[in-house]
$ cat final13.txt   # compact mmCIF, C-alpha atoms
# COMPACT_ATOMS: atom_id res chain seq x y z
CA MET P 1 -53.13 100.83 -48.64
CA GLU P 2 -51.35 98.32 -50.73
CA THR P 3 -53.46 95.83 -52.42
CA ASP P 4 -52.61 92.19 -52.48
CA HIS P 5 -51.63 92.58 -56.05
CA GLU P 6 -49.27 95.40 -55.22
CA ARG P 7 -47.61 93.41 -52.38
CA GLY P 8 -46.98 90.66 -54.87
CA ALA P 9 -49.44 88.18 -53.28
CA ALA P 10 -50.84 85.56 -55.50
CA PRO P 11 -54.41 86.04 -56.54
CA ALA P 12 -57.07 83.88 -54.83
CA PRO P 13 -57.53 80.61 -56.64
CA SER P 14 -60.63 80.09 -58.61
CA PRO P 15 -63.10 77.43 -57.50
CA ARG P 16 -61.94 75.19 -60.35
CA GLY P 17 -58.32 75.56 -59.25
CA ARG P 18 -59.22 74.60 -55.69
CA ARG P 19 -60.91 71.41 -56.90
CA GLY P 20 -57.86 70.48 -58.95
CA ARG P 21 -55.54 70.97 -55.97
CA ARG P 22 -57.78 68.83 -53.77
CA THR P 23 -57.58 66.02 -56.30
CA VAL P 24 -53.80 66.16 -56.23
CA LEU P 25 -53.75 66.05 -52.42
CA VAL P 26 -56.08 63.02 -52.29
CA ALA P 27 -53.97 61.19 -54.83
CA SER P 28 -50.86 61.98 -52.82
CA ALA P 29 -52.49 60.60 -49.70
CA LEU P 30 -53.25 57.35 -51.46
CA VAL P 31 -49.66 57.10 -52.56
CA VAL P 32 -48.50 57.60 -48.98
CA VAL P 33 -50.83 54.90 -47.66
CA THR P 34 -49.74 52.50 -50.38
CA ALA P 35 -46.11 53.23 -49.60
CA VAL P 36 -46.68 52.42 -45.93
CA ALA P 37 -48.25 49.07 -46.85
CA VAL P 38 -45.35 48.24 -49.13
CA VAL P 39 -42.79 49.24 -46.51
CA GLY P 40 -44.58 47.10 -43.93
CA ALA P 41 -44.89 44.16 -46.26
CA LEU P 42 -41.20 44.42 -47.06
CA GLY P 43 -40.43 44.16 -43.39
CA LEU P 44 -39.16 47.73 -43.08
CA GLY P 45 -40.34 48.72 -39.64
CA GLY P 46 -42.48 45.63 -39.35
CA GLY P 47 -42.28 45.65 -35.55
CA GLY P 48 -43.01 49.37 -35.13
CA THR P 49 -40.70 52.02 -33.67
CA GLU P 50 -38.77 51.77 -30.45
CA ASP P 51 -41.41 53.75 -28.51
CA GLY P 52 -44.03 51.14 -29.46
CA SER P 53 -45.76 53.25 -32.14
CA SER P 54 -46.81 51.42 -35.30
CA ALA P 55 -47.84 52.25 -38.82
CA PRO P 56 -51.29 53.75 -39.14
CA PRO P 57 -54.02 51.18 -39.78
CA ARG P 58 -55.28 50.72 -43.30
CA SER P 59 -58.73 49.99 -44.56
CA GLY P 60 -59.64 46.38 -45.32
CA SER P 61 -61.27 43.38 -43.74
CA THR P 62 -59.81 41.62 -40.74
CA VAL P 63 -60.15 37.98 -39.74
CA PRO P 64 -59.25 36.13 -36.55
CA VAL P 65 -56.55 33.50 -36.24
CA THR P 66 -58.46 30.29 -35.56
CA ARG P 67 -57.53 26.83 -34.33
CA ALA P 68 -58.68 24.00 -36.59
CA THR P 69 -57.78 20.74 -38.32
CA LEU P 70 -56.45 21.11 -41.85
CA THR P 71 -56.84 18.26 -44.32
CA GLU P 72 -55.05 18.17 -47.65
CA ARG P 73 -57.24 16.64 -50.37
CA THR P 74 -56.12 15.75 -53.88
CA THR P 75 -58.23 14.69 -56.85
CA VAL P 76 -57.08 12.32 -59.60
CA ASP P 77 -58.80 10.78 -62.60
CA GLY P 78 -59.99 7.18 -62.64
CA GLN P 79 -62.07 4.76 -64.68
CA LEU P 80 -65.16 2.99 -63.41
CA GLY P 81 -65.61 -0.58 -64.61
CA TYR P 82 -65.26 -4.18 -63.55
CA GLY P 83 -61.49 -4.20 -63.37
CA THR P 84 -58.87 -5.73 -65.62
CA GLU P 85 -59.98 -8.76 -67.61
CA ILE P 86 -57.84 -11.85 -67.05
CA PRO P 87 -57.90 -15.22 -68.87
CA LEU P 88 -59.86 -18.09 -67.38
CA PRO P 89 -57.54 -21.00 -66.53
CA ILE P 90 -59.20 -23.44 -68.91
CA LYS P 91 -57.36 -26.78 -68.98
CA SER P 92 -59.64 -28.63 -71.34
CA THR P 93 -58.26 -29.63 -74.72
CA GLY P 94 -60.32 -29.88 -77.85
CA THR P 95 -62.63 -27.75 -79.95
CA VAL P 96 -64.69 -24.85 -78.61
CA THR P 97 -68.34 -25.67 -79.34
CA TRP P 98 -70.14 -23.00 -77.27
CA LEU P 99 -69.24 -19.60 -75.81
CA PRO P 100 -71.22 -17.32 -73.44
CA THR P 101 -72.09 -13.74 -74.31
CA GLU P 102 -69.87 -10.93 -73.05
CA GLY P 103 -71.10 -9.44 -69.79
CA ARG P 104 -72.90 -12.58 -68.67
CA THR P 105 -72.63 -13.50 -64.98
CA VAL P 106 -71.77 -17.13 -64.17
CA GLU P 107 -72.25 -18.51 -60.66
CA ARG P 108 -71.18 -21.74 -58.97
CA GLY P 109 -72.26 -24.74 -61.01
CA GLY P 110 -72.76 -22.66 -64.15
CA THR P 111 -71.23 -23.43 -67.54
CA LEU P 112 -68.36 -21.21 -68.66
CA LEU P 113 -68.04 -22.72 -72.14
CA ARG P 114 -68.28 -26.09 -73.86
CA VAL P 115 -65.33 -27.99 -75.29
CA ASP P 116 -66.06 -30.98 -77.53
CA ASP P 117 -69.65 -30.40 -76.41
CA ARG P 118 -68.68 -31.03 -72.76
CA PRO P 119 -69.39 -28.27 -70.21
CA VAL P 120 -66.57 -26.59 -68.32
CA VAL P 121 -68.12 -25.79 -64.93
CA LEU P 122 -67.35 -22.94 -62.53
CA LEU P 123 -66.79 -23.83 -58.87
CA TYR P 124 -65.66 -21.65 -55.96
CA GLY P 125 -62.23 -21.96 -54.40
CA THR P 126 -58.68 -20.67 -54.31
CA LEU P 127 -56.80 -23.89 -55.11
CA PRO P 128 -56.59 -24.46 -58.88
CA MET P 129 -57.64 -27.76 -60.43
CA TYR P 130 -54.36 -29.57 -61.00
CA ARG P 131 -55.31 -33.26 -61.27
CA ASP P 132 -58.20 -35.60 -61.91
CA LEU P 133 -60.34 -36.48 -58.90
CA GLY P 134 -61.58 -40.05 -58.54
CA LEU P 135 -61.64 -43.10 -56.34
CA THR P 136 -58.03 -44.17 -56.83
CA ALA P 137 -54.74 -42.43 -57.36
CA GLY P 138 -52.04 -43.46 -59.74
CA THR P 139 -48.75 -45.15 -58.94
CA GLY P 140 -46.85 -41.90 -58.54
CA GLN P 141 -44.62 -40.79 -55.71
CA GLY P 142 -46.14 -41.02 -52.24
CA THR P 143 -48.68 -43.83 -53.03
CA ARG P 144 -48.71 -47.43 -51.94
CA GLN P 145 -47.86 -49.94 -54.64
CA ASP P 146 -48.55 -53.62 -54.54
CA ALA P 147 -48.99 -56.49 -56.94
CA GLY P 148 -52.70 -55.87 -57.48
CA ASN P 149 -52.09 -52.19 -58.23
CA ALA P 150 -50.75 -53.04 -61.64
CA GLY P 151 -54.29 -53.93 -62.67
CA ASN P 152 -55.39 -50.38 -61.92
CA ALA P 153 -53.20 -48.77 -64.57
CA GLY P 154 -56.22 -48.12 -66.76
CA ASN P 155 -58.40 -47.00 -63.90
CA ALA P 156 -59.87 -43.49 -63.98
CA GLY P 157 -57.98 -42.62 -60.82
CA ASN P 158 -54.72 -42.80 -62.72
CA LYS P 159 -55.57 -39.85 -64.95
CA GLY P 160 -54.04 -37.43 -62.45
CA ASP P 161 -50.76 -39.37 -62.67
CA ALA P 162 -50.86 -39.10 -66.45
CA GLN P 163 -50.94 -35.32 -66.01
CA GLY P 164 -47.79 -35.51 -63.94
CA THR P 165 -49.51 -34.22 -60.81
CA GLY P 166 -51.15 -37.32 -59.40
CA ASP P 167 -48.66 -37.47 -56.56
CA GLN P 168 -49.73 -34.15 -55.03
CA GLY P 169 -51.85 -34.22 -51.90
CA LEU P 170 -51.71 -38.01 -51.50
CA THR P 171 -51.14 -39.96 -48.31
CA ASP P 172 -48.14 -42.26 -48.05
CA ASP P 173 -49.82 -45.50 -46.99
CA THR P 174 -46.48 -47.22 -46.34
CA SER P 175 -46.45 -45.49 -42.95
CA LYS P 176 -49.58 -47.35 -41.91
CA ALA P 177 -49.92 -50.87 -40.63
CA PRO P 178 -50.52 -53.37 -43.48
CA ALA P 179 -54.08 -54.47 -44.04
CA PRO P 180 -55.05 -58.01 -43.13
CA SER P 181 -54.35 -60.56 -45.84
CA GLY P 182 -57.11 -60.67 -48.42
CA SER P 183 -58.86 -57.49 -47.19
CA PRO P 184 -59.13 -54.66 -49.72
CA THR P 185 -57.81 -51.19 -49.00
CA PRO P 186 -60.17 -48.22 -49.46
CA GLY P 187 -60.76 -47.44 -53.11
CA ALA P 188 -61.96 -49.23 -56.21
CA ALA P 189 -60.97 -52.79 -56.91
CA GLY P 190 -58.48 -53.38 -59.68
CA THR P 191 -59.31 -55.12 -62.92
CA GLY P 192 -56.73 -57.83 -62.61
CA GLY P 193 -53.05 -58.38 -62.11
CA ALA P 194 -50.82 -60.66 -60.18
CA GLY P 195 -52.93 -62.15 -57.48
CA GLY P 196 -56.25 -62.03 -59.38
CA THR P 197 -59.07 -59.45 -59.14
CA GLY P 198 -58.33 -58.42 -55.61
CA GLY P 199 -55.86 -55.68 -56.61
CA THR P 200 -56.07 -52.42 -54.66
CA GLY P 201 -55.37 -48.74 -55.19
CA SER P 202 -54.61 -45.93 -52.73
CA THR P 203 -57.31 -43.51 -51.60
CA LEU P 204 -57.13 -40.03 -53.11
CA ARG P 205 -56.60 -37.40 -50.45
CA GLY P 206 -55.84 -33.67 -50.35
CA MET P 207 -57.11 -30.16 -49.89
CA ASP P 208 -58.32 -30.15 -53.50
CA VAL P 209 -60.67 -33.03 -52.56
CA LEU P 210 -62.01 -31.02 -49.62
CA GLN P 211 -62.53 -27.99 -51.85
CA PHE P 212 -64.36 -30.03 -54.50
CA GLU P 213 -66.57 -31.86 -52.00
CA SER P 214 -67.55 -28.52 -50.42
CA ASN P 215 -68.75 -27.31 -53.82
CA LEU P 216 -70.53 -30.56 -54.59
CA ALA P 217 -72.46 -30.31 -51.33
CA ALA P 218 -73.26 -26.63 -51.96
CA LEU P 219 -74.82 -27.65 -55.27
CA GLY P 220 -77.09 -30.10 -53.45
CA TYR P 221 -75.26 -33.35 -54.14
CA THR P 222 -74.67 -34.80 -50.68
CA GLY P 223 -74.48 -38.20 -49.00
CA PHE P 224 -70.78 -38.11 -48.15
CA THR P 225 -68.50 -36.63 -45.50
CA ILE P 226 -66.88 -33.35 -46.53
CA ASP P 227 -63.23 -34.01 -45.84
CA GLU P 228 -59.95 -34.54 -47.64
CA GLU P 229 -60.77 -38.10 -48.78
CA PHE P 230 -62.48 -39.06 -52.03
CA THR P 231 -64.67 -42.05 -51.12
CA ASP P 232 -67.26 -44.29 -52.76
CA ALA P 233 -69.92 -41.96 -51.41
CA THR P 234 -68.18 -39.01 -53.09
CA ALA P 235 -68.08 -40.91 -56.38
CA ARG P 236 -71.80 -41.66 -56.18
CA ALA P 237 -72.55 -37.95 -55.66
CA VAL P 238 -70.29 -37.10 -58.61
CA LYS P 239 -72.26 -39.51 -60.82
CA ARG P 240 -75.53 -37.79 -59.91
CA TRP P 241 -73.94 -34.42 -60.71
CA GLN P 242 -72.61 -35.71 -64.03
CA LYS P 243 -76.06 -37.00 -64.96
CA SER P 244 -77.52 -33.51 -64.43
CA LEU P 245 -74.87 -32.11 -66.78
CA GLY P 246 -75.57 -34.70 -69.46
CA LEU P 247 -72.16 -36.31 -69.00
CA PRO P 248 -71.20 -39.99 -68.78
CA ARG P 249 -71.55 -41.16 -65.17
CA THR P 250 -67.94 -42.07 -64.50
CA GLY P 251 -67.63 -40.80 -60.93
CA THR P 252 -64.34 -39.15 -61.89
CA VAL P 253 -63.82 -35.41 -62.43
CA GLY P 254 -61.27 -34.55 -65.12
CA VAL P 255 -58.72 -31.80 -64.66
CA GLY P 256 -60.35 -29.85 -67.50
CA ASP P 257 -63.94 -30.27 -66.32
CA VAL P 258 -63.78 -27.61 -63.61
CA VAL P 259 -62.43 -24.06 -63.18
CA TYR P 260 -62.16 -22.48 -59.73
CA SER P 261 -62.78 -18.83 -58.88
CA THR P 262 -63.16 -17.01 -55.57
CA GLY P 263 -66.75 -16.16 -56.49
CA LYS P 264 -69.10 -15.60 -59.38
CA VAL P 265 -67.56 -14.10 -62.51
CA ARG P 266 -68.51 -11.72 -65.27
CA ILE P 267 -67.58 -12.96 -68.74
CA GLY P 268 -65.25 -10.72 -70.72
CA HIS P 269 -64.28 -11.13 -74.35
CA ALA P 270 -63.55 -14.39 -76.15
CA GLY P 271 -60.09 -14.90 -77.62
CA VAL P 272 -61.23 -17.55 -80.12
CA ARG P 273 -64.19 -18.31 -82.36
CA LEU P 274 -66.49 -21.30 -82.30
CA GLY P 275 -64.77 -24.25 -83.90
CA SER P 276 -61.31 -23.12 -82.85
CA ALA P 277 -59.02 -25.11 -80.60
CA VAL P 278 -58.83 -24.15 -76.93
CA THR P 279 -56.02 -21.70 -76.18
CA GLU P 280 -54.76 -20.00 -73.03
CA ASP P 281 -56.80 -16.87 -73.77
CA VAL P 282 -59.95 -18.64 -74.92
CA LEU P 283 -62.08 -16.56 -72.53
CA THR P 284 -61.47 -13.68 -70.12
CA TYR P 285 -63.38 -12.71 -67.02
CA THR P 286 -63.65 -10.16 -64.23
CA GLY P 287 -65.43 -9.99 -60.91
CA THR P 288 -69.06 -8.90 -60.83
CA SER P 289 -68.55 -5.86 -58.61
CA ARG P 290 -67.85 -2.47 -60.14
CA LYS P 291 -64.62 -0.83 -59.11
CA VAL P 292 -62.37 2.05 -60.08
CA VAL P 293 -58.86 1.83 -61.47
CA VAL P 294 -56.53 4.83 -61.13
CA ASN P 295 -53.18 5.08 -62.91
CA ALA P 296 -51.41 6.82 -60.06
CA SER P 297 -48.10 8.59 -60.46
CA ALA P 298 -45.38 6.25 -59.22
CA ALA P 299 -43.67 9.25 -57.62
CA GLU P 300 -46.79 10.38 -55.74
CA ASP P 301 -48.57 7.18 -54.76
CA SER P 302 -48.01 7.36 -51.01
CA TRP P 303 -51.77 7.84 -50.57
CA ALA P 304 -52.43 4.48 -52.19
CA VAL P 305 -52.36 2.22 -49.16
CA ARG P 306 -54.58 -0.83 -48.93
CA GLY P 307 -57.65 0.02 -46.85
CA ALA P 308 -57.33 3.79 -47.36
CA ALA P 309 -60.70 5.55 -47.73
CA VAL P 310 -61.39 7.69 -50.81
CA THR P 311 -64.32 9.55 -52.32
CA ILE P 312 -65.39 8.76 -55.89
CA GLY P 313 -67.03 11.51 -57.94
CA LEU P 314 -69.51 10.19 -60.52
CA PRO P 315 -70.38 11.91 -63.82
CA ASP P 316 -73.79 13.04 -62.48
CA GLY P 317 -72.15 15.04 -59.70
CA THR P 318 -72.87 12.59 -56.90
CA SER P 319 -70.15 10.93 -54.87
CA VAL P 320 -69.75 7.48 -53.32
CA LYS P 321 -67.31 5.99 -50.84
CA GLY P 322 -64.50 3.73 -51.96
CA GLU P 323 -61.56 1.87 -50.48
CA VAL P 324 -58.13 1.07 -51.90
CA ALA P 325 -58.06 -2.70 -52.46
CA SER P 326 -54.74 -3.21 -54.21
CA VAL P 327 -51.75 -1.32 -55.55
CA GLY P 328 -49.68 -2.52 -58.48
CA LYS P 329 -46.06 -3.32 -57.71
CA LYS P 330 -44.77 -2.63 -61.20
CA ALA P 331 -44.72 0.85 -62.72
CA THR P 332 -45.46 1.26 -66.41
CA ASP P 333 -42.74 2.20 -68.84
CA PRO P 334 -42.79 5.98 -69.43
CA GLU P 335 -43.15 5.33 -73.15
CA GLU P 336 -46.46 3.59 -72.51
CA GLY P 337 -48.04 6.88 -71.42
CA GLY P 338 -48.47 8.60 -68.12
CA GLY P 339 -51.22 9.11 -65.63
CA GLU P 340 -52.78 12.02 -63.78
CA GLY P 341 -51.93 14.39 -66.61
CA ASP P 342 -48.15 13.80 -66.51
CA SER P 343 -47.25 12.81 -70.05
CA GLY P 344 -44.69 10.03 -70.02
CA ALA P 345 -44.60 9.71 -66.21
CA PRO P 346 -44.39 6.15 -64.79
CA THR P 347 -47.63 5.03 -63.16
CA VAL P 348 -48.89 2.17 -61.03
CA PRO P 349 -52.46 0.81 -61.17
CA VAL P 350 -54.50 1.38 -58.02
CA THR P 351 -57.74 -0.60 -57.68
CA ILE P 352 -60.53 0.89 -55.57
CA THR P 353 -63.55 -1.13 -54.50
CA ILE P 354 -67.07 0.18 -53.89
CA LYS P 355 -68.90 -1.53 -51.04
CA ASP P 356 -72.32 -0.06 -51.79
CA GLN P 357 -72.82 -1.19 -55.38
CA LYS P 358 -76.34 0.26 -55.48
CA SER P 359 -74.92 3.76 -54.97
CA VAL P 360 -73.37 3.57 -58.44
CA GLY P 361 -76.74 3.03 -60.10
CA ARG P 362 -76.68 1.37 -63.51
CA LEU P 363 -73.34 2.74 -64.59
CA GLU P 364 -71.01 0.01 -65.84
CA SER P 365 -68.24 2.12 -67.32
CA ALA P 366 -67.47 5.84 -66.97
CA PRO P 367 -64.65 8.31 -66.26
CA VAL P 368 -64.69 9.35 -62.59
CA THR P 369 -62.63 11.37 -60.13
CA VAL P 370 -61.05 10.02 -56.98
CA GLU P 371 -60.42 12.32 -54.04
CA TYR P 372 -58.04 11.18 -51.33
CA VAL P 373 -56.66 12.67 -48.13
CA GLY P 374 -52.96 13.39 -48.37
CA ARG P 375 -51.81 15.00 -45.14
CA GLU P 376 -53.67 16.18 -42.06
CA ARG P 377 -52.73 18.62 -39.29
CA ALA P 378 -54.94 18.59 -36.21
CA ASP P 379 -55.51 21.45 -33.76
CA VAL P 380 -53.27 24.04 -35.42
CA LEU P 381 -53.51 27.84 -35.82
CA THR P 382 -54.81 28.81 -39.26
CA VAL P 383 -55.58 31.92 -41.34
CA PRO P 384 -56.89 32.39 -44.88
CA VAL P 385 -54.11 32.05 -47.43
CA ALA P 386 -54.99 35.56 -48.64
CA ALA P 387 -53.82 36.99 -45.31
CA LEU P 388 -50.19 36.07 -45.95
CA VAL P 389 -47.70 38.77 -47.04
CA ALA P 390 -44.14 38.26 -48.26
CA LEU P 391 -41.34 39.78 -46.17
CA ALA P 392 -38.20 41.29 -47.68
CA GLU P 393 -35.96 39.39 -45.28
CA GLY P 394 -37.59 36.18 -46.46
CA GLY P 395 -40.54 34.09 -45.42
CA HIS P 396 -44.08 35.19 -44.74
CA GLY P 397 -45.84 37.46 -42.31
CA LEU P 398 -49.22 38.70 -41.17
CA GLU P 399 -50.45 42.28 -40.81
CA THR P 400 -52.20 42.91 -37.53
CA ALA P 401 -55.28 45.09 -37.19
CA ASP P 402 -53.15 48.02 -35.94
CA GLY P 403 -50.81 47.87 -38.94
CA ARG P 404 -47.88 45.92 -37.50
CA PHE P 405 -46.28 43.06 -39.43
CA VAL P 406 -45.28 39.86 -37.64
CA ALA P 407 -43.27 37.02 -39.11
CA VAL P 408 -44.85 33.55 -39.20
CA LYS P 409 -43.84 30.06 -40.20
CA THR P 410 -46.24 28.38 -42.62
CA GLY P 411 -47.22 24.72 -42.57
CA LEU P 412 -49.93 22.81 -44.43
CA PHE P 413 -52.03 24.58 -47.07
CA ALA P 414 -55.55 23.17 -47.46
CA ASP P 415 -59.06 24.32 -48.27
CA GLY P 416 -58.00 27.95 -48.78
CA ARG P 417 -56.35 28.17 -45.37
CA VAL P 418 -52.79 27.80 -44.14
CA GLU P 419 -51.22 26.61 -40.92
CA VAL P 420 -49.22 29.38 -39.19
CA SER P 421 -47.02 29.46 -36.12
CA GLY P 422 -44.70 31.90 -34.38
CA SER P 423 -44.05 33.59 -31.04
CA ALA P 424 -46.22 36.58 -31.97
CA VAL P 425 -49.21 34.55 -33.22
CA ARG P 426 -52.03 33.55 -30.94
CA GLU P 427 -55.56 32.25 -31.32
CA GLY P 428 -58.17 35.00 -31.76
CA MET P 429 -55.65 37.61 -32.92
CA LYS P 430 -57.06 39.87 -35.65
CA VAL P 431 -55.10 40.00 -38.91
CA ARG P 432 -55.76 42.00 -42.03
CA ILE P 433 -56.36 40.62 -45.51
CA PRO P 434 -54.43 42.89 -47.92
CA GLU P 435 -56.54 44.60 -50.52

$ encode --input "final13.txt" --output "structure tokens"
Amino acid sequence: METDHERGAAPAPSPRGRRGRRTVLVASALVVVTAVAVVGALGLGGGGTEDGSSAPPRSGSTVPVTRATLTERTTVDGQLGYGTEIPLPIKSTGTVTWLPTEGRTVERGGTLLRVDDRPVVLLYGTLPMYRDLGLTAGTGQGTRQDAGNAGNAGNAGNKGDAQGTGDQGLTDDTSKAPAPSGSPTPGAAGTGGAGGTGGTGSTLRGMDVLQFESNLAALGYTGFTIDEEFTDATARAVKRWQKSLGLPRTGTVGVGDVVYSTGKVRIGHAGVRLGSAVTEDVLTYTGTSRKVVVNASAAEDSWAVRGAAVTIGLPDGTSVKGEVASVGKKATDPEEGGGEGDSGAPTVPVTITIKDQKSVGRLESAPVTVEYVGRERADVLTVPVAALVALAEGGHGLETADGRFVAVKTGLFADGRVEVSGSAVREGMKVRIPE
């Protein structure tokens, strides 16, 4: 009988040789599986064969297609503080004799600074102080003039006319019926002129009078009707107010005695030293509420809409709610530096207010982050971004649990998920995350 050796048969492999061959076969199997995945991902046979068979399933985790709302969130850098300092509209002339400390809060009736040792007082309002306020107006446009009015030229009420603004807000008395002969018109009597001491002046009227009288009453100096007319009763209240300030009791408020603001202010830096003359930038101020300023990219500031809600991240890791209050209308020059990490990119300042000031704690200045919602897609089909595969014919696809590849159209990417759509995609369908 012929032996295997004599018939030319190969000798039986040794145990070591069998182990080596098994290793080669396993490696080959892995190559085959990998090749199938690549072919599928490339879209070669992505829909299976004509008889409905598909590529063999591969190992890996599967996840369902879910319906959800995707929200795109973006974070930018900002600066917590009190906002941009702006100059106080001081109209006094003279020498600065006292200045407040930086960071001090001044409320209605408080002293902002002293000029020639006279206080400049803060009042609340939106209309700036543009003329003197007193019992009589000057002889400017829109006022009644008569023979006795010449005697009022030196009257305190004419100071507004000397500023060139005494004609604003006055009532044209020529439209009214003339007063009876010998009866004075409302206002202070003149000091002489043609016709003796019975000269008259016109009553000072205007919205600035109403604004001032409202403040005077709020400070506790009452006894007059709060309206648009400066009367004897108003003048008497002014004298009591002037006495409390240590001023001469003239009953007239000079254009430089008062500065109006919409509310209490926080003193910024002084632009002059004591003993210097008053200038336009003698003193700056901000509001007293902390806010955040973001230098937003001018090309990507569509999120910055007044009233838009944002989330502010503080240095300690906590977050507070904010709201866009204003957006600058002028972009910075690229040479002035960029924002949001884009060197040289034009930016616009976006101011964000914080309603709950206590939530900020004691922080007065700090770098913060601002998170805003960009786009939102409600009730859409979504999968993890990791489930997407690129198709050779272009676009993206998903691998089903049984190894098929289906093309999908992608939408919004947010929070690690992506919006998908397509005729072959449905809610609850299992898709594979490639390993």

$ atom_distance --input "final13.txt" --atom1 "CA of Leu127 in chain P" --atom2 "CA of Thr234 in chain P"
19.0 Å

$ atom_distance --input "final13.txt" --atom1 "CA of Thr400 in chain P" --atom2 "CA of Thr71 in chain P"
26.0 Å

$ closest_residue --input "final13.txt" --among "P:Thr105, P:Ser289, P:Gln79, P:Thr95" --to "Lys358 in chain P" --atoms "all atoms listed in the file"
P:Ser289

$ atom_distance --input "final13.txt" --atom1 "CA of Arg266 in chain P" --atom2 "CA of Leu113 in chain P"
13.0 Å

$ axis_aligned_box --input "final13.txt" --around "range 59-78 of chain P" --padding-each-side "5 Å" --output "JSON"
{"center_x": -58.2, "center_y": 28.6, "center_z": -48.5, "size_x": 16.2, "size_y": 52.8, "size_z": 38.3}

$ closest_residue --input "final13.txt" --among "P:Leu388, P:Ala218, P:Ala366, P:Ala233" --to "Gly416 in chain P" --atoms "all atoms listed in the file"
P:Leu388

$ residues_near_point --input "final13.txt" --point "(-62.9, -5.9, -60.8)" --cutoff "7 Å" --atoms "only C-alpha atoms" --output "PDB file with C-alpha atoms, keeping the file's coordinate frame"
ATOM      1  CA  TYR P  82     -65.260  -4.180 -63.550  1.00  0.00           C
ATOM      2  CA  GLY P  83     -61.490  -4.200 -63.370  1.00  0.00           C
ATOM      3  CA  THR P  84     -58.870  -5.730 -65.620  1.00  0.00           C
ATOM      4  CA  THR P 286     -63.650 -10.160 -64.230  1.00  0.00           C
ATOM      5  CA  GLY P 287     -65.430  -9.990 -60.910  1.00  0.00           C
ATOM      6  CA  THR P 288     -69.060  -8.900 -60.830  1.00  0.00           C
ATOM      7  CA  SER P 289     -68.550  -5.860 -58.610  1.00  0.00           C
ATOM      8  CA  ARG P 290     -67.850  -2.470 -60.140  1.00  0.00           C
ATOM      9  CA  LYS P 291     -64.620  -0.830 -59.110  1.00  0.00           C
TER      10      LYS P 291
END

$ closest_residue --input "final13.txt" --among "P:Ile90, P:Ala401, P:Ala414, P:Leu80" --to "Pro64 in chain P" --atoms "only C-alpha atoms"
P:Ala401

$ closest_residue --input "final13.txt" --among "P:Thr62, P:Trp241, P:Gly268, P:Val368" --to "Gly403 in chain P" --atoms "all atoms listed in the file"
P:Thr62

$ closest_residue --input "final13.txt" --among "P:Asp301, P:Asp232, P:Asp208, P:Glu213" --to "Val350 in chain P" --atoms "all atoms listed in the file"
P:Asp301

$ closest_residue --input "final13.txt" --among "P:Thr69, P:Gln211, P:Thr74, P:Thr262" --to "Glu376 in chain P" --atoms "all atoms listed in the file"
P:Thr69

$ residues_around --input "final13.txt" --residues "Thr97 in chain P" --least-positions-apart "3" --cutoff "7 Å" --atoms "only C-alpha atoms" --output "ChimeraX atom specification"
/P:114-117,274-275

$ residues_around --input "final13.txt" --residues "Arg377 in chain P" --least-positions-apart "2" --cutoff "8 Å" --atoms "only C-alpha atoms" --output "CSV table (one decimal) with C-alpha atoms, keeping the file's coordinate frame"
chain,number,residue,atom,x,y,z
P,69,THR,CA,-57.8,20.7,-38.3
P,70,LEU,CA,-56.4,21.1,-41.8
P,71,THR,CA,-56.8,18.3,-44.3
P,375,ARG,CA,-51.8,15.0,-45.1
P,379,ASP,CA,-55.5,21.4,-33.8
P,380,VAL,CA,-53.3,24.0,-35.4
P,412,LEU,CA,-49.9,22.8,-44.4
